[in-house]
Amino acid sequence: MHLIFVIALLASALFGGYAYMNKPMIEPAWTNQIPGFAFSPYQKGQSPFDNTFPTPQEIASDLEILSGKAHAIRTYSVGGVFGEIPKLAYPHNINLTLGAWLGPNQLDNASEVSRLTQLIEEPPYNVVRAIVGNEALLRKDMSEEELTHWLRWVRSKVSVPVSTAEPWHVWIKHPDLAKEVDFIAVHMLPFWEGIALDQAVDYIVDKMHLLEQTFPDKPIVITEVGWPSNGRAIKQAEASQANQAIFMRRFVSRAQEEKYVFYMMEAFDQPWKNRLEGSIGGHWGLYDVERKLKFEQEQPIIAHPEWRFLAAASALLAIILLLLLLIDSSALRKRGHTFLGLLAFAISSLVIWMVYDFTLEYHNWVSILVGVLLLIGVVGVIVVILAEAHEWAEAIWYRQRRRPLIEIPIGQGSAPMVSIHVPAYNEPAEMMKQTLYALSQLDYPNFEVLVIDNNTKDEAVWRPVEAYCAELGAPFKFFHVAPLAGFKAGALNYALARTAPEAEVIAVIDSDYVVRPDWLKRMVGQFNDPKVAIAQAPQDYSDYRQNAFKAMCYAEYKGFFHIGMVTRNERNAIIQHGTMTMVRRSVLEAVGGWGESTITEDAELGLRIFEEGYEAVYSEQSFGQGLMPDTYIDYKKQRYRWAYGAMQILREHADAFLHWRPTKLKSGQRYHFFAGWLPWIADGFNYLFTLMAVFWTWLMIYDPIQFNAPDWKIALIPLIFFGFKIVKMLALYMGHVGAPFATAAAAALAGLSLSHTIARAVLSGLFIGRKMPFLRTPKMADSHNLWQAVLDAYEELLIALLLLASAGTLYYHFGFETLEITLWISVLMVQTLPYLSALILSFISARPSLPGNWMRFKPRPQPVEPSTLKESQ
């Protein structure tokens, strides 16, 4: 019932919001014939750029539509079929202001004006004015002297008033031009000047007064006036169908009061003009390209007449998304339902609105392709957000854990033998001695330790470890093997072949781990259940308070081991990691041992075990601590290996994830493996987006007409994605991990600093797929100096500088003149943050003296004891 209530409440809010935004707006009615329309009769798919022109029949059909709605039309050229317009207009009782197009080619100009004079002076004599050139001075196609020549020539040949058409400011700039014309033909298009809708009509009246004062002896005809119904914003001017309707109806009413002669810009949408004027160019018509009236001329204006359909579509999509999110959600509390419902309705509304907005544009194959790619990108971002939100909800708003670790004590004399494998390569001897000493103190009666040193060349490194194993006695065996292929996986397989026959469980720790004495005693009992093949404890680190860099890295690690792993464990889908892990030996051997085809052999083995239908258990309790990377470059190398290996696994096991190969994987396991790696994949594609954003920004600067700032809804997507990512990280660290804000913020910065590294690993792993060497994480390495810190993050630094330069140059040219540009500058700045984070963390790593003792976390939960479980039940 609660879910039904949430859906009903959100749907009501959605419909209410749509209704509020689409309240009928009362504007002056447009009932009378107007003086005229600007008339370009190109039909859908036609364009002067590819020499496809309307037929006389198509022009006649357009004129029939305008018959009775305007006294006259204003044309722009008399070349070709356009020279037939006077005759075609005559049966419809439509007069003409006939135009001749002037450009830089003087021969073409001579042909145009010659044809113009001929048409004016021959039947049917329905040309009432002539316009020689359209914005020729504004485009700088000719000088005032050249234009004056053609005006004088035409005026000497015809008996109708003659002028040239220019915006109001061009007339003010060229006052002597008025001496060469019979009337002032002026374009009043406040949209191009960025004037807000509510001020636009008064702005025109003000400029008309200026022209009347400047040219008191000249009649003034407004030969273009209008507002586009779609396209980019310019400063305070916003293009929309509602704004077009409001402007036109207000202007027509005011023009009648002021007794203006005007030609509404324009009769029909002309999509081919997008090539000249960008996304605005094709949307100035009273009718669309299909010759359908765009808006109501007398009744109240509704911004989006289809709003009920849009609201219903948004609600339906939201319900579908919510039901998908709530599959297998029995453990989720009501607050989790509400949170996911809010998100589903918000996302569905944005998606439906974007699709709707896309349908209002005029498209060619290029714009359709770009639109489809953008839609795919948006869907990808939404999928990531939904997956992250699902983890957020399940991490915080749960009734109880479905698979808590229940501690199973080892009975007297029933402890299975455990073979502990410690792979090592070129590791410091003193560090390894500490690891081996801790193993010797295990409170467990039946185990052996196999140390496998592979490919270490310096005997001074591995000989002391060999001697210490001999000192510790029989349970400890040392192997030095060189050469040995397969990196860590090769070493582990070598050890597996030399494991004691009676060993039932294989345990693995890294060479720097100091385990607690109760590790085996408290975890091995899980293998009493024959379905359990993996018992995993989290990675933990002992040196995280050593300095600020390690403290920040430690905070970032916590997110995976105490958030991601916990929620994955709910559906038996943990990522096995190669330290503090135990594997049932019989299962390990049955699936073929450790995989040597990937550089994350641990995670790949866990997946193969899941494919066979076995279970894993996970404890949030730390049973051992190792050492962290000492420098930022080592931190990056470690994460590169993890991300690259994940993509190798994704490629190798794609058939299992997609059901192409029969396995025992369950849907929840498939979901968590894919959703868990999805943020990394998103980092990869976000890197490509960043490069394309920079490229597009410089195109905007080079040619702002053809290359507009992306629509605000598109620009909003990366901002929402980034904001959601940061808020989720802070909420989970503070709410679930128990970190104060400073610790959570440090984790966020450390995580952001790895974005570029992860992106490179993902793209390389997915699309290049070459086998890369195992990247060992050095222990007890020396810190770097500040210059080396810059070099360690030089790629991130270069990209950050490129983004900052792009944003700064864009601001220098355009400021914050439109919402779209403001949001796009914001996108560029936000994209800079991960790259700057890398530089900051690299600098911090170069200053090991910075303290790290400010890190705080709440204690992790202990495994549940059977007696406690019975009491709770």
# chains A, B, ... in the order shown; residues from 1 in each chain; ligands from 1
>>> closest_atom_pairs(of="range 712-754 of chain A", to="range 552-570 of chain A", cutoff="9 Å", atoms="only C-alpha atoms", output="CSV")
residue,atom,partner,partner_atom,distance
A:Met729,CA,A:Gly559,CA,8.1
A:Leu732,CA,A:Ile563,CA,7.6
A:Tyr733,CA,A:Gly559,CA,6.9
A:His736,CA,A:Ile563,CA,7.4
A:Val737,CA,A:His562,CA,6.7
A:Ala739,CA,A:Ala555,CA,8.6
A:Thr743,CA,A:Ala555,CA,6.6
A:Ala744,CA,A:Ala555,CA,7.2
A:Ala745,CA,A:Met552,CA,9.0
A:Ala746,CA,A:Met552,CA,5.3
A:Ala747,CA,A:Glu556,CA,4.2
A:Ala748,CA,A:Glu556,CA,6.9
A:Leu749,CA,A:Met552,CA,8.0
A:Ala750,CA,A:Cys553,CA,6.1
A:Gly751,CA,A:Glu556,CA,6.0
>>> write_last_selection(atoms="N, CA, C and O atoms", output="mmCIF file, in the first residue's frame")
data_model
loop_
_atom_site.group_PDB
_atom_site.id
_atom_site.type_symbol
_atom_site.label_atom_id
_atom_site.label_comp_id
_atom_site.auth_asym_id
_atom_site.auth_seq_id
_atom_site.Cartn_x
_atom_site.Cartn_y
_atom_site.Cartn_z
ATOM 1 N N MET A 729 28.166 9.920 -2.431
ATOM 2 C CA MET A 729 29.387 9.514 -1.726
ATOM 3 C C MET A 729 29.407 10.071 -0.310
ATOM 4 O O MET A 729 29.685 9.354 0.659
ATOM 5 N N LEU A 732 26.643 8.294 1.894
ATOM 6 C CA LEU A 732 26.962 6.925 2.295
ATOM 7 C C LEU A 732 28.118 6.875 3.283
ATOM 8 O O LEU A 732 28.103 6.097 4.246
ATOM 9 N N TYR A 733 29.134 7.693 3.051
ATOM 10 C CA TYR A 733 30.261 7.689 3.984
ATOM 11 C C TYR A 733 29.833 8.192 5.353
ATOM 12 O O TYR A 733 30.244 7.646 6.383
ATOM 13 N N HIS A 736 26.505 5.563 6.434
ATOM 14 C CA HIS A 736 26.699 4.116 6.570
ATOM 15 C C HIS A 736 28.072 3.767 7.147
ATOM 16 O O HIS A 736 28.182 2.935 8.049
ATOM 17 N N VAL A 737 29.112 4.398 6.626
ATOM 18 C CA VAL A 737 30.457 4.104 7.116
ATOM 19 C C VAL A 737 30.700 4.777 8.463
ATOM 20 O O VAL A 737 31.533 4.342 9.250
ATOM 21 N N ALA A 739 31.551 8.101 8.861
ATOM 22 C CA ALA A 739 32.642 9.075 8.780
ATOM 23 C C ALA A 739 32.103 10.481 8.978
ATOM 24 O O ALA A 739 31.019 10.812 8.487
ATOM 25 N N THR A 743 36.194 13.559 6.756
ATOM 26 C CA THR A 743 36.657 12.261 6.238
ATOM 27 C C THR A 743 35.946 11.913 4.943
ATOM 28 O O THR A 743 36.565 11.439 3.981
ATOM 29 N N ALA A 744 34.635 12.155 4.907
ATOM 30 C CA ALA A 744 33.864 11.864 3.689
ATOM 31 C C ALA A 744 34.334 12.728 2.521
ATOM 32 O O ALA A 744 34.457 12.254 1.382
ATOM 33 N N ALA A 745 34.607 14.002 2.793
ATOM 34 C CA ALA A 745 35.091 14.892 1.736
ATOM 35 C C ALA A 745 36.463 14.449 1.241
ATOM 36 O O ALA A 745 36.758 14.509 0.032
ATOM 37 N N ALA A 746 37.314 13.992 2.156
ATOM 38 C CA ALA A 746 38.635 13.495 1.761
ATOM 39 C C ALA A 746 38.498 12.270 0.867
ATOM 40 O O ALA A 746 39.225 12.122 -0.124
ATOM 41 N N ALA A 747 37.561 11.383 1.205
ATOM 42 C CA ALA A 747 37.322 10.210 0.368
ATOM 43 C C ALA A 747 36.833 10.616 -1.013
ATOM 44 O O ALA A 747 37.241 10.029 -2.030
ATOM 45 N N ALA A 748 35.956 11.623 -1.054
ATOM 46 C CA ALA A 748 35.443 12.090 -2.338
ATOM 47 C C ALA A 748 36.558 12.649 -3.208
ATOM 48 O O ALA A 748 36.636 12.370 -4.414
ATOM 49 N N LEU A 749 37.440 13.438 -2.611
ATOM 50 C CA LEU A 749 38.553 14.004 -3.378
ATOM 51 C C LEU A 749 39.478 12.906 -3.888
ATOM 52 O O LEU A 749 39.907 12.932 -5.053
ATOM 53 N N ALA A 750 39.775 11.931 -3.034
ATOM 54 C CA ALA A 750 40.641 10.835 -3.466
ATOM 55 C C ALA A 750 39.994 10.040 -4.591
ATOM 56 O O ALA A 750 40.653 9.655 -5.564
ATOM 57 N N GLY A 751 38.689 9.791 -4.472
ATOM 58 C CA GLY A 751 37.996 9.068 -5.533
ATOM 59 C C GLY A 751 37.981 9.831 -6.841
ATOM 60 O O GLY A 751 38.211 9.262 -7.914
#
>>> residues_around(residues="range 496-507 of chain A", least_positions_apart="2", cutoff="7 Å", atoms="only C-alpha atoms", output="VMD selection string")
chain A and resid 416 to 421 492 to 494 509 581 to 585
>>> write_last_selection(atoms="C-alpha atoms", output="compact mmCIF listing (two decimals), in the first residue's frame")
# COMPACT_ATOMS: atom_id res chain seq x y z
CA PRO A 416 39.97 -28.59 8.43
CA MET A 417 43.51 -28.01 7.26
CA VAL A 418 44.15 -24.59 5.74
CA SER A 419 47.01 -23.95 3.34
CA ILE A 420 47.96 -20.25 3.46
CA HIS A 421 49.66 -18.98 0.31
CA LEU A 492 49.39 -19.06 -6.69
CA ASN A 493 48.93 -21.94 -9.13
CA TYR A 494 52.50 -23.04 -8.41
CA ILE A 509 47.20 -13.00 1.89
CA THR A 581 40.42 -14.59 1.14
CA MET A 582 39.74 -18.31 1.61
CA VAL A 583 38.67 -20.74 -1.10
CA ARG A 584 37.45 -24.32 -0.87
CA ARG A 585 40.30 -26.27 -2.45
>>> select_by_dssp(residues="range 138-323 of chain A", states="alpha helix (DSSP H)", output="number ranges by chain")
A: 144-155, 168-173, 197-214, 241-258, 274-277, 307-323
>>> residues_around(residues="Gly336 in chain A", least_positions_apart="5", cutoff="12 Å", atoms="only C-alpha atoms", output="MDAnalysis selection string")
chainID A and resid 2:3 6 322 325:326 329:331 341:343 389:399
>>> residues_around(residues="range 666-675 of chain A", least_positions_apart="5", cutoff="6 Å", atoms="only C-alpha atoms", output="number ranges by chain")
A: 387, 571, 573, 657
>>> closest_residue(among="A:Ala13, A:Leu804, A:Leu763, A:Leu819", to="Leu836 in chain A", atoms="only C-alpha atoms")
A:Leu804
>>> residues_around(residues="range 136-146 of chain A", least_positions_apart="6", cutoff="9 Å", atoms="only C-alpha atoms", output="ChimeraX atom specification")
/A:101-105,164-167,170,174,177
>>> atom_distance(atom1="CA of Ala313 in chain A", atom2="CA of Ala11 in chain A")
10.8 Å
>>> residues_around(residues="Lys273 in chain A", least_positions_apart="5", cutoff="10 Å", atoms="only C-alpha atoms", output="number ranges by chain")
A: 47-49, 278-284
>>> atom_distance(atom1="CA of Asn364 in chain A", atom2="CA of Gln46 in chain A")
11.6 Å
>>> closest_atom_pairs(of="range 605-708 of chain A", to="range 782-798 of chain A", cutoff="9 Å", atoms="only C-alpha atoms", output="JSON lines")
{"residue": "A:Asp630", "atom": "CA", "partner": "A:Ser783", "partner_atom": "CA", "distance": 6.5}
{"residue": "A:Thr631", "atom": "CA", "partner": "A:Ser783", "partner_atom": "CA", "distance": 6.0}
{"residue": "A:Tyr632", "atom": "CA", "partner": "A:Asp792", "partner_atom": "CA", "distance": 7.2}
{"residue": "A:Ile633", "atom": "CA", "partner": "A:Asp792", "partner_atom": "CA", "distance": 5.6}
>>> write_last_selection(atoms="C-alpha atoms", output="PDB file, in the first residue's frame")
ATOM      1  CA  ASP A 630      53.152   5.367  -0.512  1.00  0.00           C
ATOM      2  CA  THR A 631      52.863   7.685  -3.509  1.00  0.00           C
ATOM      3  CA  TYR A 632      50.117   8.949  -5.745  1.00  0.00           C
ATOM      4  CA  ILE A 633      51.573   7.290  -8.835  1.00  0.00           C
TER       5      ILE A 633
END
>>> closest_atom_pairs(of="range 333-407 of chain A", to="range 241-258 of chain A", cutoff="12 Å", atoms="only C-alpha atoms", output="tab-separated table")
residue	atom	partner	partner_atom	distance
A:Asp357	CA	A:Gln241	CA	11.2
A:Leu360	CA	A:Gln241	CA	9.6
A:Glu361	CA	A:Gln241	CA	11.6
>>> write_last_selection(atoms="all heavy atoms", output="PDB file, in the first residue's frame")
ATOM      1  N   ASP A 357      11.311  17.714 -26.871  1.00  0.00           N
ATOM      2  CA  ASP A 357      12.001  18.875 -27.407  1.00  0.00           C
ATOM      3  C   ASP A 357      12.724  18.530 -28.707  1.00  0.00           C
ATOM      4  O   ASP A 357      12.763  19.339 -29.645  1.00  0.00           O
ATOM      5  CB  ASP A 357      12.993  19.394 -26.374  1.00  0.00           C
ATOM      6  CG  ASP A 357      13.405  20.830 -26.632  1.00  0.00           C
ATOM      7  OD1 ASP A 357      12.522  21.679 -26.755  1.00  0.00           O
ATOM      8  OD2 ASP A 357      14.619  21.090 -26.717  1.00  0.00           O
ATOM      9  N   LEU A 360      10.606  18.708 -31.804  1.00  0.00           N
ATOM     10  CA  LEU A 360      10.218  20.040 -32.275  1.00  0.00           C
ATOM     11  C   LEU A 360      11.220  20.624 -33.253  1.00  0.00           C
ATOM     12  O   LEU A 360      10.927  21.612 -33.925  1.00  0.00           O
ATOM     13  CB  LEU A 360      10.065  20.988 -31.076  1.00  0.00           C
ATOM     14  CG  LEU A 360       8.998  20.616 -30.037  1.00  0.00           C
ATOM     15  CD1 LEU A 360       8.993  21.642 -28.909  1.00  0.00           C
ATOM     16  CD2 LEU A 360       7.618  20.515 -30.676  1.00  0.00           C
ATOM     17  N   GLU A 361      12.408  20.030 -33.325  1.00  0.00           N
ATOM     18  CA  GLU A 361      13.445  20.528 -34.218  1.00  0.00           C
ATOM     19  C   GLU A 361      13.256  19.979 -35.625  1.00  0.00           C
ATOM     20  O   GLU A 361      12.597  18.957 -35.838  1.00  0.00           O
ATOM     21  CB  GLU A 361      14.829  20.117 -33.693  1.00  0.00           C
ATOM     22  CG  GLU A 361      15.210  20.760 -32.372  1.00  0.00           C
ATOM     23  CD  GLU A 361      15.675  22.197 -32.539  1.00  0.00           C
ATOM     24  OE1 GLU A 361      15.798  22.648 -33.700  1.00  0.00           O
ATOM     25  OE2 GLU A 361      15.908  22.859 -31.523  1.00  0.00           O
TER      26      GLU A 361
END
>>> atom_distance(atom1="CA of Ala315 in chain A", atom2="CA of Ile714 in chain A")
21.0 Å
>>> residues_around(residues="Lys725 in chain A", least_positions_apart="5", cutoff="9 Å", atoms="only C-alpha atoms", output="ChimeraX atom specification")
/A:385,388,720,730
>>> write_last_selection(atoms="C-alpha atoms", output="PDB file, in the first residue's frame")
ATOM      1  CA  ILE A 385      22.485   7.168 -11.710  1.00  0.00           C
ATOM      2  CA  GLU A 388      24.084   4.246  -7.891  1.00  0.00           C
ATOM      3  CA  ILE A 720      23.268  16.384 -12.312  1.00  0.00           C
ATOM      4  CA  LEU A 730      29.057  11.963   1.155  1.00  0.00           C
TER       5      LEU A 730
END
>>> closest_residue(among="A:Leu373, A:Ala267, A:Leu197, A:Ile184", to="Arg74 in chain A", atoms="only C-alpha atoms")
A:Ala267
>>> select_by_dssp(residues="range 508-757 of chain A", states="strand (DSSP E)", output="list in words")
Val508, Val514, Val515, Val532, Ala533, Ile534, Ala535, Gln536, Thr581, Met582, Val583, Arg584, Glu615, Ala616, Val617, Tyr618, Gly624 and Gln625 of chain A
>>> decode(residues="range 508-520 of chain A", atoms="all heavy atoms", output="compact mmCIF listing (two decimals), in the first residue's frame")
# COMPACT_ATOMS: atom_id res chain seq x y z
N VAL A 508 44.68 -16.97 1.09
CA VAL A 508 45.69 -16.13 0.43
C VAL A 508 45.76 -14.79 1.14
O VAL A 508 44.73 -14.17 1.43
CB VAL A 508 45.35 -15.92 -1.06
CG1 VAL A 508 46.39 -15.02 -1.71
CG2 VAL A 508 45.26 -17.25 -1.79
N ILE A 509 46.98 -14.36 1.42
CA ILE A 509 47.20 -13.00 1.89
C ILE A 509 48.36 -12.40 1.11
O ILE A 509 49.23 -13.12 0.61
CB ILE A 509 47.48 -12.93 3.41
CG1 ILE A 509 48.81 -13.62 3.74
CG2 ILE A 509 46.34 -13.50 4.22
CD1 ILE A 509 49.30 -13.31 5.14
N ASP A 510 48.34 -11.08 1.02
CA ASP A 510 49.47 -10.39 0.40
C ASP A 510 50.65 -10.38 1.35
O ASP A 510 50.52 -10.56 2.58
CB ASP A 510 49.07 -8.96 0.04
CG ASP A 510 48.22 -8.90 -1.22
OD1 ASP A 510 48.19 -9.91 -1.96
OD2 ASP A 510 47.57 -7.86 -1.45
N SER A 511 51.83 -10.15 0.79
CA SER A 511 53.08 -10.27 1.55
C SER A 511 53.25 -9.19 2.61
O SER A 511 54.16 -9.28 3.43
CB SER A 511 54.26 -10.21 0.58
OG SER A 511 54.25 -9.00 -0.15
N ASP A 512 52.39 -8.17 2.61
CA ASP A 512 52.52 -7.10 3.59
C ASP A 512 51.47 -7.18 4.69
O ASP A 512 51.38 -6.28 5.53
CB ASP A 512 52.40 -5.74 2.89
CG ASP A 512 51.09 -5.58 2.14
OD1 ASP A 512 50.63 -6.57 1.54
OD2 ASP A 512 50.50 -4.48 2.17
N TYR A 513 50.67 -8.25 4.72
CA TYR A 513 49.55 -8.33 5.65
C TYR A 513 49.94 -8.97 6.98
O TYR A 513 50.54 -10.04 7.01
CB TYR A 513 48.37 -9.09 5.03
CG TYR A 513 47.34 -8.15 4.46
CD1 TYR A 513 47.63 -7.43 3.30
CD2 TYR A 513 46.13 -7.92 5.09
CE1 TYR A 513 46.72 -6.53 2.78
CE2 TYR A 513 45.21 -7.03 4.59
CZ TYR A 513 45.51 -6.32 3.43
OH TYR A 513 44.61 -5.43 2.93
N VAL A 514 49.55 -8.30 8.04
CA VAL A 514 49.72 -8.82 9.40
C VAL A 514 48.32 -9.23 9.88
O VAL A 514 47.46 -8.37 10.11
CB VAL A 514 50.34 -7.78 10.34
CG1 VAL A 514 50.38 -8.30 11.77
CG2 VAL A 514 51.73 -7.39 9.85
N VAL A 515 48.12 -10.54 10.00
CA VAL A 515 46.77 -11.03 10.31
C VAL A 515 46.58 -11.14 11.83
O VAL A 515 47.53 -11.26 12.60
CB VAL A 515 46.52 -12.41 9.65
CG1 VAL A 515 46.64 -12.31 8.15
CG2 VAL A 515 47.47 -13.46 10.21
N ARG A 516 45.31 -11.12 12.23
CA ARG A 516 44.98 -11.33 13.63
C ARG A 516 45.03 -12.82 13.95
O ARG A 516 44.73 -13.66 13.11
CB ARG A 516 43.57 -10.79 13.90
CG ARG A 516 43.54 -9.30 14.06
CD ARG A 516 42.16 -8.71 14.17
NE ARG A 516 41.16 -9.59 14.78
CZ ARG A 516 39.90 -9.22 15.01
NH1 ARG A 516 39.50 -8.00 14.69
NH2 ARG A 516 39.05 -10.07 15.57
N PRO A 517 45.34 -13.17 15.18
CA PRO A 517 45.43 -14.60 15.54
C PRO A 517 44.12 -15.36 15.36
O PRO A 517 44.15 -16.57 15.13
CB PRO A 517 45.84 -14.56 17.02
CG PRO A 517 46.54 -13.24 17.18
CD PRO A 517 45.82 -12.29 16.27
N ASP A 518 42.98 -14.67 15.45
CA ASP A 518 41.69 -15.37 15.37
C ASP A 518 41.12 -15.45 13.95
O ASP A 518 39.97 -15.84 13.78
CB ASP A 518 40.68 -14.70 16.30
CG ASP A 518 40.44 -13.24 15.93
OD1 ASP A 518 41.22 -12.68 15.13
OD2 ASP A 518 39.48 -12.65 16.47
N TRP A 519 41.89 -15.07 12.95
CA TRP A 519 41.39 -15.04 11.56
C TRP A 519 40.82 -16.39 11.14
O TRP A 519 39.65 -16.50 10.77
CB TRP A 519 42.51 -14.59 10.63
CG TRP A 519 42.20 -14.70 9.15
CD1 TRP A 519 41.02 -14.40 8.55
CD2 TRP A 519 43.08 -15.13 8.12
NE1 TRP A 519 41.11 -14.59 7.18
CE2 TRP A 519 42.37 -15.05 6.90
CE3 TRP A 519 44.42 -15.55 8.11
CZ2 TRP A 519 42.95 -15.40 5.69
CZ3 TRP A 519 44.99 -15.88 6.89
CH2 TRP A 519 44.27 -15.81 5.70
N LEU A 520 41.64 -17.42 11.18
CA LEU A 520 41.17 -18.73 10.71
C LEU A 520 40.09 -19.29 11.64
O LEU A 520 39.09 -19.85 11.18
CB LEU A 520 42.34 -19.70 10.63
CG LEU A 520 43.46 -19.35 9.64
CD1 LEU A 520 44.49 -20.48 9.59
CD2 LEU A 520 42.92 -19.08 8.25
